[in-house]
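File shown here: structure.txt, holding compact mmCIF, C-alpha atoms.
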# COMPACT_ATOMS: atom_id res chain seq x y z
CA MET A 1 0.00 0.00 0.00
CA LEU A 2 1.26 3.45 -0.88
CA SER A 3 2.06 5.74 2.01
CA ARG A 4 2.58 9.46 2.33
CA ARG A 5 6.13 8.84 3.60
CA LEU A 6 6.94 6.74 0.52
CA PHE A 7 5.50 9.42 -1.73
CA LEU A 8 7.61 12.17 -0.18
CA LYS A 9 10.72 9.98 -0.32
CA ASN A 10 10.16 9.17 -3.99
CA SER A 11 9.57 12.81 -4.85
CA SER A 12 12.96 13.69 -3.36
CA LEU A 13 11.25 16.62 -1.65
CA ALA A 14 12.14 18.14 1.69
CA MET A 15 10.07 21.00 3.08
CA VAL A 16 10.35 22.51 6.51
CA GLY A 17 8.02 24.98 8.18
CA ILE A 18 6.73 25.68 11.63
CA GLY A 19 3.13 26.58 12.33
CA SER A 20 0.01 26.14 10.21
CA ALA A 21 0.23 25.07 6.60
CA PRO A 22 1.38 27.98 4.40
CA ALA A 23 -0.68 29.10 1.44
CA TRP A 24 2.02 30.94 -0.46
CA LEU A 25 2.69 28.36 -3.15
CA SER A 26 -0.65 28.75 -4.88
CA ARG A 27 -0.60 32.56 -4.61
CA ALA A 28 3.05 33.46 -5.08
CA VAL A 29 4.05 35.56 -8.02
CA TYR A 30 7.39 34.11 -9.05
CA ALA A 31 7.55 34.31 -12.83
CA LYS A 32 9.76 37.41 -13.14
CA ASP A 33 10.74 40.46 -11.16
CA GLY A 34 9.66 43.73 -12.64
CA PRO A 35 11.99 46.03 -14.61
CA GLY A 36 14.74 47.33 -12.35
CA GLU A 37 13.54 45.10 -9.51
CA ARG A 38 15.93 42.19 -9.71
CA LYS A 39 16.26 40.54 -6.35
CA ARG A 40 19.46 40.67 -4.39
CA ILE A 41 20.66 37.14 -3.73
CA LEU A 42 22.87 35.76 -0.99
CA ILE A 43 24.59 32.41 -1.49
CA THR A 44 26.42 30.75 1.39
CA ILE A 45 28.82 27.85 0.94
CA PHE A 46 29.93 25.69 3.85
CA GLN A 47 33.26 23.84 3.59
CA ARG A 48 32.55 21.02 6.04
CA GLY A 49 35.46 19.39 7.82
CA ALA A 50 37.49 22.50 8.75
CA VAL A 51 39.55 23.65 5.78
CA ASP A 52 43.19 24.54 6.35
CA GLY A 53 42.90 28.28 5.79
CA LEU A 54 46.65 28.79 6.18
CA ASN A 55 47.20 26.70 3.06
CA VAL A 56 44.30 28.33 1.22
CA VAL A 57 45.46 31.91 1.64
CA ILE A 58 49.15 31.59 2.40
CA PRO A 59 50.82 34.13 4.72
CA HIS A 60 54.05 33.92 2.75
CA GLY A 61 55.32 37.08 4.47
CA GLU A 62 55.37 35.24 7.82
CA PRO A 63 58.67 33.39 8.47
CA ASN A 64 56.97 31.33 11.21
CA TYR A 65 54.61 29.85 8.63
CA TYR A 66 57.56 28.12 6.97
CA SER A 67 59.35 27.10 10.16
CA LEU A 68 56.19 25.48 11.57
CA ARG A 69 55.28 23.74 8.29
CA PRO A 70 58.56 22.49 6.82
CA GLY A 71 56.85 19.68 4.88
CA ILE A 72 53.49 21.12 3.83
CA ALA A 73 54.01 24.89 3.44
CA ILE A 74 53.23 26.34 0.01
CA PRO A 75 56.39 27.90 -1.47
CA ARG A 76 56.75 31.68 -1.60
CA PRO A 77 55.59 33.31 -4.86
CA ASP A 78 58.18 32.92 -7.61
CA GLY A 79 56.01 32.83 -10.71
CA THR A 80 55.96 29.03 -11.03
CA ASP A 81 52.90 26.79 -10.92
CA ALA A 82 54.06 25.23 -7.66
CA ALA A 83 54.25 28.48 -5.68
CA ALA A 84 51.71 30.71 -3.98
CA ILE A 85 50.04 33.35 -6.17
CA ASP A 86 50.93 36.69 -4.64
CA LEU A 87 48.08 38.99 -3.69
CA ASP A 88 49.53 41.89 -1.71
CA GLY A 89 53.11 41.11 -0.80
CA HIS A 90 52.13 39.27 2.39
CA PHE A 91 49.34 36.89 1.41
CA GLY A 92 48.98 34.61 -1.60
CA LEU A 93 46.48 32.13 -3.00
CA HIS A 94 47.15 28.40 -3.15
CA PRO A 95 48.26 27.68 -6.74
CA ALA A 96 45.22 25.43 -7.24
CA LEU A 97 43.07 28.57 -6.86
CA HIS A 98 44.56 30.28 -9.91
CA SER A 99 41.09 30.64 -11.45
CA LEU A 100 40.15 33.07 -8.64
CA LYS A 101 43.04 35.47 -9.26
CA PRO A 102 41.19 37.39 -12.03
CA LEU A 103 38.27 37.93 -9.64
CA TRP A 104 40.70 39.34 -7.08
CA ASP A 105 42.27 41.58 -9.72
CA ASN A 106 38.94 43.03 -10.86
CA GLY A 107 37.71 43.66 -7.32
CA GLN A 108 35.05 40.96 -7.15
CA LEU A 109 36.80 38.80 -4.53
CA ALA A 110 37.53 39.82 -0.96
CA ILE A 111 39.25 37.75 1.72
CA VAL A 112 38.64 37.91 5.46
CA GLU A 113 41.52 36.59 7.55
CA ALA A 114 41.66 35.33 11.15
CA VAL A 115 37.88 34.94 11.20
CA GLY A 116 36.02 32.36 13.26
CA SER A 117 33.84 31.58 16.23
CA PRO A 118 34.47 32.91 19.73
CA ASP A 119 33.55 29.45 21.01
CA PRO A 120 36.72 27.34 21.43
CA THR A 121 35.23 23.93 20.59
CA ARG A 122 37.24 21.65 18.33
CA SER A 123 34.24 19.39 17.68
CA HIS A 124 33.14 19.40 14.04
CA PHE A 125 29.52 18.79 14.98
CA ASP A 126 29.30 21.51 17.62
CA ALA A 127 31.25 24.08 15.64
CA GLN A 128 29.15 23.59 12.51
CA ASP A 129 26.00 23.73 14.58
CA TYR A 130 27.06 27.01 16.22
CA MET A 131 28.00 28.58 12.91
CA GLU A 132 24.75 27.55 11.22
CA SER A 133 22.59 28.62 14.15
CA GLY A 134 24.53 31.85 14.55
CA THR A 135 24.68 31.41 18.33
CA PRO A 136 28.18 30.17 19.31
CA GLY A 137 28.20 28.17 22.52
CA LEU A 138 24.41 27.92 22.70
CA LYS A 139 22.99 24.53 21.80
CA ALA A 140 19.36 25.38 22.59
CA THR A 141 18.83 27.45 19.42
CA TYR A 142 16.35 25.57 17.24
CA ASP A 143 16.57 27.60 14.03
CA GLY A 144 19.30 28.97 11.76
CA TRP A 145 20.61 32.48 11.15
CA LEU A 146 19.93 32.36 7.40
CA ASN A 147 16.28 31.51 8.01
CA ARG A 148 15.95 34.30 10.57
CA ALA A 149 17.58 36.72 8.14
CA LEU A 150 14.74 36.39 5.62
CA VAL A 151 12.57 39.49 5.64
CA GLU A 152 8.85 38.78 5.99
CA GLU A 153 6.95 38.87 2.70
CA ARG A 154 3.24 38.51 2.09
CA PHE A 155 3.51 36.23 -0.93
CA PRO A 156 7.08 34.91 -1.11
CA SER A 157 8.22 32.69 -3.94
CA PRO A 158 8.12 28.92 -3.39
CA LEU A 159 11.79 28.96 -4.34
CA ARG A 160 12.75 31.86 -2.14
CA ALA A 161 15.16 29.89 0.05
CA VAL A 162 16.76 26.75 -1.36
CA SER A 163 19.46 24.38 -0.20
CA LEU A 164 21.20 22.14 -2.71
CA SER A 165 21.38 19.22 -0.29
CA PRO A 166 19.39 16.07 0.47
CA ASP A 167 18.24 17.45 3.83
CA LEU A 168 17.52 20.98 4.98
CA PRO A 169 20.63 22.33 6.75
CA ARG A 170 20.44 23.83 10.21
CA THR A 171 21.04 27.33 8.85
CA LEU A 172 17.75 27.29 6.86
CA ARG A 173 15.52 25.71 9.49
CA GLY A 174 12.96 27.97 11.10
CA THR A 175 9.63 29.74 10.70
CA ASN A 176 10.30 30.91 7.14
CA LYS A 177 9.65 28.26 4.50
CA ALA A 178 12.65 26.71 2.77
CA LEU A 179 13.26 23.84 0.37
CA ALA A 180 16.04 21.28 0.26
CA VAL A 181 16.73 19.32 -2.90
CA GLY A 182 19.81 17.31 -3.74
CA ASN A 183 19.35 17.85 -7.47
CA LEU A 184 16.75 19.84 -9.41
CA ASN A 185 16.32 16.99 -11.88
CA ASP A 186 15.33 14.65 -9.04
CA PHE A 187 12.87 17.13 -7.57
CA GLN A 188 9.87 15.36 -9.01
CA VAL A 189 7.31 12.67 -8.44
CA LYS A 190 8.77 9.65 -10.19
CA ASP A 191 5.60 7.54 -10.07
CA ALA A 192 2.92 9.40 -12.04
CA SER A 193 0.17 7.03 -10.89
CA ALA A 194 1.10 7.55 -7.24
CA ALA A 195 1.27 11.29 -7.81
CA GLY A 196 -2.25 11.38 -9.21
CA THR A 197 -3.58 9.32 -6.33
CA PHE A 198 -2.05 11.49 -3.66
CA GLU A 199 -2.85 14.80 -5.37
CA THR A 200 -6.51 13.81 -5.55
CA MET A 201 -6.60 12.36 -2.04
CA TYR A 202 -4.99 15.31 -0.32
CA GLY A 203 -6.53 17.92 -2.59
CA THR A 204 -10.05 16.82 -1.70
CA SER A 205 -9.34 16.33 1.99
CA THR A 206 -11.53 18.26 4.41
CA ASP A 207 -8.49 18.66 6.65
CA THR A 208 -7.30 22.19 5.85
CA VAL A 209 -3.73 21.42 6.89
CA LEU A 210 -3.45 18.37 4.62
CA ASN A 211 -5.24 20.17 1.80
CA GLY A 212 -2.92 23.16 1.99
CA THR A 213 0.20 21.04 2.27
CA ALA A 214 -0.81 19.01 -0.77
CA ARG A 215 -1.24 22.10 -2.94
CA GLU A 216 2.11 23.44 -1.78
CA THR A 217 3.94 20.16 -2.37
CA PHE A 218 2.66 19.60 -5.88
CA GLU A 219 3.02 23.24 -6.88
CA ALA A 220 6.66 23.22 -5.75
CA VAL A 221 7.36 20.05 -7.74
CA LYS A 222 5.65 21.44 -10.85
CA THR A 223 7.60 24.68 -10.63
CA VAL A 224 10.94 22.88 -10.59
CA GLN A 225 9.86 20.46 -13.33
CA SER A 226 9.06 23.43 -15.57
CA LEU A 227 12.46 24.87 -14.82
CA CYS A 228 14.24 21.62 -15.66
CA ASN A 229 12.34 21.19 -18.93
CA ALA A 230 13.95 24.33 -20.31
CA PRO A 231 17.41 23.75 -21.81
CA TYR A 232 20.28 25.51 -20.09
CA THR A 233 23.69 26.46 -21.42
CA PRO A 234 26.08 28.40 -19.16
CA ALA A 235 26.86 31.84 -20.55
CA ASN A 236 30.17 33.41 -21.51
CA GLY A 237 31.82 30.05 -22.09
CA ALA A 238 31.63 29.09 -18.41
CA LYS A 239 32.40 25.45 -17.63
CA TYR A 240 31.38 24.13 -14.25
CA PRO A 241 33.51 21.33 -12.75
CA GLY A 242 31.77 18.01 -12.20
CA GLY A 243 32.13 17.95 -8.41
CA ARG A 244 29.36 18.57 -5.93
CA LEU A 245 29.96 22.30 -5.51
CA GLY A 246 30.23 22.98 -9.22
CA GLN A 247 26.97 21.19 -9.94
CA SER A 248 25.23 22.91 -7.01
CA LEU A 249 26.27 26.34 -8.30
CA LEU A 250 25.16 25.38 -11.80
CA GLN A 251 21.68 24.65 -10.48
CA ILE A 252 21.61 27.85 -8.47
CA ALA A 253 22.54 29.73 -11.64
CA ARG A 254 19.60 28.14 -13.44
CA MET A 255 17.19 29.30 -10.75
CA ILE A 256 18.59 32.82 -10.75
CA LYS A 257 18.35 33.19 -14.51
CA ALA A 258 14.83 31.78 -14.53
CA ASN A 259 13.81 34.60 -12.14
CA VAL A 260 11.89 32.26 -9.84
CA GLY A 261 12.28 34.58 -6.87
CA LEU A 262 15.36 33.05 -5.29
CA GLU A 263 16.70 35.17 -2.42
CA VAL A 264 19.02 32.87 -0.48
CA ALA A 265 20.74 29.65 -1.48
CA PHE A 266 22.94 27.24 0.44
CA ALA A 267 25.44 24.64 -0.73
CA ASP A 268 28.06 22.63 1.08
CA VAL A 269 31.05 20.50 0.21
CA GLY A 270 32.96 18.11 2.48
CA GLY A 271 36.33 16.43 2.61
CA TRP A 272 38.34 19.20 4.29
CA ASP A 273 39.35 17.29 7.44
CA THR A 274 42.99 16.80 6.42
CA HIS A 275 44.65 15.05 9.36
CA VAL A 276 46.66 12.78 7.06
CA ASN A 277 48.30 13.38 3.68
CA GLU A 278 46.98 16.91 3.27
CA VAL A 279 49.59 17.36 0.58
CA GLY A 280 51.16 15.01 -1.91
CA GLY A 281 54.77 14.53 -2.89
CA GLN A 282 54.95 18.29 -3.36
CA PRO A 283 53.08 20.78 -1.15
CA HIS A 284 51.01 22.10 -4.07
CA THR A 285 49.66 18.61 -4.87
CA GLY A 286 47.48 16.09 -3.06
CA GLN A 287 44.11 16.05 -1.29
CA LEU A 288 43.86 19.73 -0.41
CA ALA A 289 45.03 20.85 -3.84
CA ASN A 290 42.41 18.69 -5.56
CA LEU A 291 39.64 20.04 -3.35
CA LEU A 292 40.74 23.63 -3.83
CA ARG A 293 40.99 23.28 -7.59
CA ASP A 294 37.37 22.14 -7.79
CA PHE A 295 36.34 24.79 -5.26
CA GLY A 296 38.02 27.67 -7.10
CA ASP A 297 36.93 26.53 -10.55
CA ALA A 298 33.32 26.25 -9.36
CA LEU A 299 33.27 29.80 -7.98
CA ALA A 300 34.98 31.17 -11.09
CA ALA A 301 32.57 29.38 -13.44
CA PHE A 302 29.58 30.69 -11.51
CA SER A 303 30.83 34.26 -11.70
CA GLN A 304 31.57 33.91 -15.41
CA ASP A 305 28.16 32.37 -16.08
CA MET A 306 26.28 35.09 -14.20
CA GLY A 307 28.13 37.95 -15.91
CA ASP A 308 26.56 41.34 -15.13
CA ARG A 309 24.06 39.64 -12.83
CA MET A 310 26.85 39.28 -10.26
CA ALA A 311 26.10 42.89 -9.32
CA ASP A 312 23.02 41.54 -7.51
CA ILE A 313 24.69 38.46 -6.01
CA THR A 314 26.93 37.95 -3.00
CA VAL A 315 28.64 34.62 -2.29
CA ALA A 316 30.18 33.89 1.13
CA THR A 317 32.24 30.83 2.01
CA MET A 318 32.90 29.53 5.53
CA SER A 319 34.19 26.55 7.49
CA GLU A 320 33.66 25.59 11.13
CA PHE A 321 37.24 26.25 12.24
CA GLY A 322 40.80 26.21 10.92
CA ARG A 323 43.75 23.88 11.42
CA THR A 324 46.81 23.89 13.64
CA VAL A 325 49.62 26.17 12.55
CA LYS A 326 52.16 23.41 13.04
CA GLU A 327 51.95 20.38 10.78
CA ASN A 328 51.52 16.98 12.42
CA GLY A 329 53.57 13.84 11.84
CA ASN A 330 51.32 12.58 9.04
CA ARG A 331 51.82 15.42 6.54
CA GLY A 332 48.57 16.90 7.74
CA THR A 333 47.08 19.29 10.29
CA ASP A 334 44.75 18.92 13.26
CA HIS A 335 41.73 20.86 14.50
CA GLY A 336 42.51 24.54 15.06
CA HIS A 337 40.73 27.84 15.62
CA ALA A 338 40.68 30.85 13.26
CA ASN A 339 40.23 30.46 9.51
CA VAL A 340 39.59 32.36 6.27
CA MET A 341 36.39 33.41 4.48
CA PHE A 342 35.86 34.43 0.87
CA VAL A 343 33.25 37.02 -0.11
CA LEU A 344 32.50 37.31 -3.81
CA GLY A 345 30.17 39.62 -5.71
CA GLY A 346 29.51 42.90 -7.44
CA SER A 347 29.21 45.00 -4.29
CA VAL A 348 32.25 43.52 -2.55
CA ARG A 349 35.23 45.67 -1.60
CA GLY A 350 37.46 43.18 -3.32
CA GLY A 351 41.10 42.96 -4.13
CA ARG A 352 42.02 43.28 -0.46
CA VAL A 353 42.41 41.21 2.68
CA HIS A 354 40.06 42.31 5.46
CA GLY A 355 40.38 41.70 9.17
CA GLN A 356 43.27 42.06 11.61
CA TRP A 357 46.14 39.63 11.12
CA PRO A 358 47.28 38.39 14.56
CA GLY A 359 50.61 36.90 13.49
CA LEU A 360 52.13 33.46 13.93
CA ALA A 361 54.76 34.11 16.60
CA PRO A 362 54.46 31.73 19.59
CA GLU A 363 53.01 34.42 21.87
CA GLN A 364 50.44 35.38 19.20
CA LEU A 365 48.93 31.92 18.80
CA TYR A 366 45.72 30.77 20.42
CA GLU A 367 46.60 28.26 23.15
CA GLY A 368 50.10 28.22 21.71
CA ARG A 369 49.04 26.25 18.62
CA ASP A 370 46.40 27.98 16.49
CA LEU A 371 45.77 31.14 14.52
CA ASN A 372 43.90 33.53 16.81
CA VAL A 373 40.39 34.75 16.00
CA THR A 374 40.34 38.53 15.56
CA THR A 375 37.05 38.77 13.59
CA ASP A 376 33.86 37.09 14.75
CA PHE A 377 32.25 35.30 11.79
CA ARG A 378 28.98 37.01 12.70
CA SER A 379 30.53 40.40 11.90
CA VAL A 380 30.92 39.35 8.28
CA LEU A 381 27.51 37.68 8.02
CA ALA A 382 25.71 40.54 9.79
CA GLU A 383 27.04 42.98 7.21
CA LEU A 384 25.74 40.75 4.41
CA VAL A 385 22.34 40.47 6.10
CA MET A 386 22.01 44.23 6.52
CA LYS A 387 23.38 45.44 3.21
CA ARG A 388 22.33 42.61 0.89
CA MET A 389 19.15 41.26 2.44
CA GLY A 390 17.87 44.56 3.83
CA ASN A 391 17.36 43.14 7.30
CA ARG A 392 18.66 45.46 10.02
CA GLU A 393 17.24 43.44 12.93
CA ILE A 394 20.64 41.94 13.70
CA ALA A 395 19.72 41.28 17.32
CA THR A 396 17.06 38.89 16.01
CA VAL A 397 19.24 37.26 13.37
CA PHE A 398 22.21 36.88 15.74
CA PRO A 399 20.88 36.96 19.30
CA GLY A 400 23.32 38.34 21.83
CA PHE A 401 25.65 39.76 19.17
CA ASP A 402 26.54 43.42 18.67
CA GLY A 403 25.99 43.94 14.95
CA SER A 404 27.85 47.25 14.88
CA ARG A 405 31.22 45.51 14.39
CA ALA A 406 31.11 45.38 10.58
CA ILE A 407 34.54 45.22 8.97
CA GLY A 408 33.53 46.87 5.69
CA VAL A 409 33.73 43.94 3.32
CA LEU A 410 30.85 45.42 1.28
CA ALA A 411 30.74 48.81 -0.40

Produce structure tokens that represent the structure in this file.
Amino acid sequence: MLSRRLFLKNSSLAMVGIGSAPAWLSRAVYAKDGPGERKRILITIFQRGAVDGLNVVIPHGEPNYYSLRPGIAIPRPDGTDAAAIDLDGHFGLHPALHSLKPLWDNGQLAIVEAVGSPDPTRSHFDAQDYMESGTPGLKATYDGWLNRALVEERFPSPLRAVSLSPDLPRTLRGTNKALAVGNLNDFQVKDASAAGTFETMYGTSTDTVLNGTARETFEAVKTVQSLCNAPYTPANGAKYPGGRLGQSLLQIARMIKANVGLEVAFADVGGWDTHVNEVGGQPHTGQLANLLRDFGDALAAFSQDMGDRMADITVATMSEFGRTVKENGNRGTDHGHANVMFVLGGSVRGGRVHGQWPGLAPEQLYEGRDLNVTTDFRSVLAELVMKRMGNREIATVFPGFDGSRAIGVLA
């Protein structure tokens, strides 16, 4: 016998909302924004596993970086493919991120250094949870900062807030409606007979909650099906890599160009927990280099594909914490503290490194082993929420945080 649970599983649909059944799907106007009214869009990318920020943006002007990492440090810039790509005389990009250098040069890419959580946990689970909830050290928070950041709308689009993931991430859980879908092409009812049965059953139900939920579910599926039926070719010769992040950004690009009312999108990519063999035979090769190449190429392809539309888009990347300054005995690094964030978009004060660099001398390290946090990650996100999402209620989005500490990453 068919069941509602089986139907939802087969449709690859995940919807989360709190309260009575919403009615926005049948009423929402999501075909196109009016002339001059293109929505501003915020995309957040989570690098799960704690990326080694010191080997992403290399402090090649710090002698201690090389003395503490004799086997895994990225060589100082010298113009070769194996060396760091110089940015400002002190910092450089990992050579696998060469595709991001043009974005830095044209002012679309900004870097925030020594950024992280004030909570000292080295637990992946807790640190990710705190960063997604926006309340470091507080486990009781039930919703996420990105959900709270959404400004109330009377008839929001059914695709207003979307996560390219099988399950809705903590950051998008809350009172505002959000969708999670692993792949747009799978966001459908695969059994047409079952779909007809359930649509009729729930649509004619006298239970207003079931009736409303049914309309919303099927309308959401039909909207995405219509989107997927239209052919899509990335613009400006952009070529997305085949990894998870590249394909997630490709699908986000499709939604943006279809003008379906997308306001916030979330994507994540794992594999950054590099305790062992972070680098290969040479420091610019190996596990981290492969991950960064896909990461950088995905961001670059997205920017190239969106073209002038990037003026309305801001992309922020984050990871739960950084890695130890000193390499371990397995050509890797262990759980650390401060890290690096990228902010990409048309309104970004790019081509510069933001934040206060604490240094890598022994007395400057956190607990004698890690890069110190000098910028609370909420300072960066609060600025994005205020300037890009138009939500100035920072005390609601980030409870207990003073939102006045913006570092000026946006113009």

Next item on the list: Kindly give the distance, in Å, that separates CA of Gly390 in chain A and CA of Ser163 in chain A, rounded to a single decimal.
Entry: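 A separation of 20.6 Å between them.
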
Note to self: Just want the 9 Å neighbourhood of Lys257 in chain A, counted on all atoms listed in the file, with same-chain residues fewer than 5 positions away dropped. Output as a list in words.
What the structure shows: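 Once the adjacent positions are removed, what remains is Ile252, Met306 and Arg309 of chain A.
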
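Distance annotation: of A:Ala238, A:Ile85, A:Leu109, A:Ala316, the residue with the minimal separation from Ala267 in chain A is A:Ala316; atom set is all atoms listed in the file.
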
Next item on the list: Could you tell me how far CA of Arg40 in chain A lies from CA of Thr171 in chain A, in Å and to one decimal?
Entry: 18.9 Å

Notebook entry, point to check: Which one of A:Asp167, A:Leu97, A:Thr324, A:Asp294 sits closest to Ala82 in chain A if you count only C-alpha atoms?
Noted result: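 So, comparing all the options, the nearest one is A:Leu97.
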
Next item on the list: Identify which of the residues A:Arg170, A:Arg154, A:Arg388, A:Arg38 lies closest to Val315 in chain A, counting all atoms listed in the file when measuring atom-to-atom distances.
Entry: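 Answer, going by the shortest atom-to-atom distance: A:Arg388.
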
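CA of Ile394 in chain A sits 9.8 Å away from CA of Trp145 in chain A.
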
Next item on the list: Could you tell me which of A:Leu384, A:Phe91, A:Pro136, A:Ile43 comes closest to Glu113 in chain A if we count only C-alpha atoms?
Entry: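 Ranking A:Leu384, A:Phe91, A:Pro136, A:Ile43 by distance to Glu113 in chain A, first place goes to A:Phe91.
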
Next item on the list: Name the closest residue to Phe295 in chain A among the candidates A:Ser248, A:Ser67, A:Ser123, A:Asn339; distances are taken between atoms, counting only C-alpha atoms.
Entry: A:Ser248

Next item on the list: Measuring atom to atom with all atoms listed in the file, identify which of A:Leu288, A:Ile41, A:Val343, A:Ala96 is nearest to Thr274 in chain A.
Entry: A:Leu288

Notebook entry, point to check: Could you name the residues that touch Pro231 in chain A at 10 Å or less, counting all atoms listed in the file, but leaving out those on the same chain fewer than 3 positions away, as a ChimeraX atom specification?
Noted result: /A:227-228,254

Margin query: Counting all atoms listed in the file, which residues have an atom no more than 10 Å from (30.1, 39.4, -14.9) in the file's coordinates? Please list them as a VMD selection string.
Written below: chain A and resid 103 108 235 to 236 302 to 311 345 to 346

Next item on the list: Would you mind listing what lies within 7 Å of Leu410 in chain A as a PyMOL selection string, with only C-alpha atoms counted and same-chain residues fewer than 4 positions away left out?
Entry: chain A and resi 347-349

Write the residues you've just listed into a file as an mmCIF file, in the frame of the given file, and include C-alpha atoms for each of them.
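Everything below was put into again_37.cif:
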data_model
loop_
_atom_site.group_PDB
_atom_site.id
_atom_site.type_symbol
_atom_site.label_atom_id
_atom_site.label_comp_id
_atom_site.auth_asym_id
_atom_site.auth_seq_id
_atom_site.Cartn_x
_atom_site.Cartn_y
_atom_site.Cartn_z
ATOM 1 C CA SER A 347 29.210 45.000 -4.290
ATOM 2 C CA VAL A 348 32.250 43.520 -2.550
ATOM 3 C CA ARG A 349 35.230 45.670 -1.600
#

Item checked: Nearby residues (all atoms listed in the file) at most 6 Å from Val276 in chain A, same-chain spacing under 5 positions excluded, as a VMD selection string -> chain A and resid 330 to 332

Note to self: Residues near Ile58 in chain A, anyone? I mean within 7 Å using all atoms listed in the file, not counting same-chain ones fewer than 6 positions away, as a PyMOL selection string.
What the structure shows: chain A and resi 84+91-94

Item checked: Spatial sel., origin (14.2, 30.4, -0.2), limit 6 Å, only C-alpha atoms, listed as JSON, numbers by chain -> {"A": [159, 160, 161, 162, 178, 262, 263, 264]}
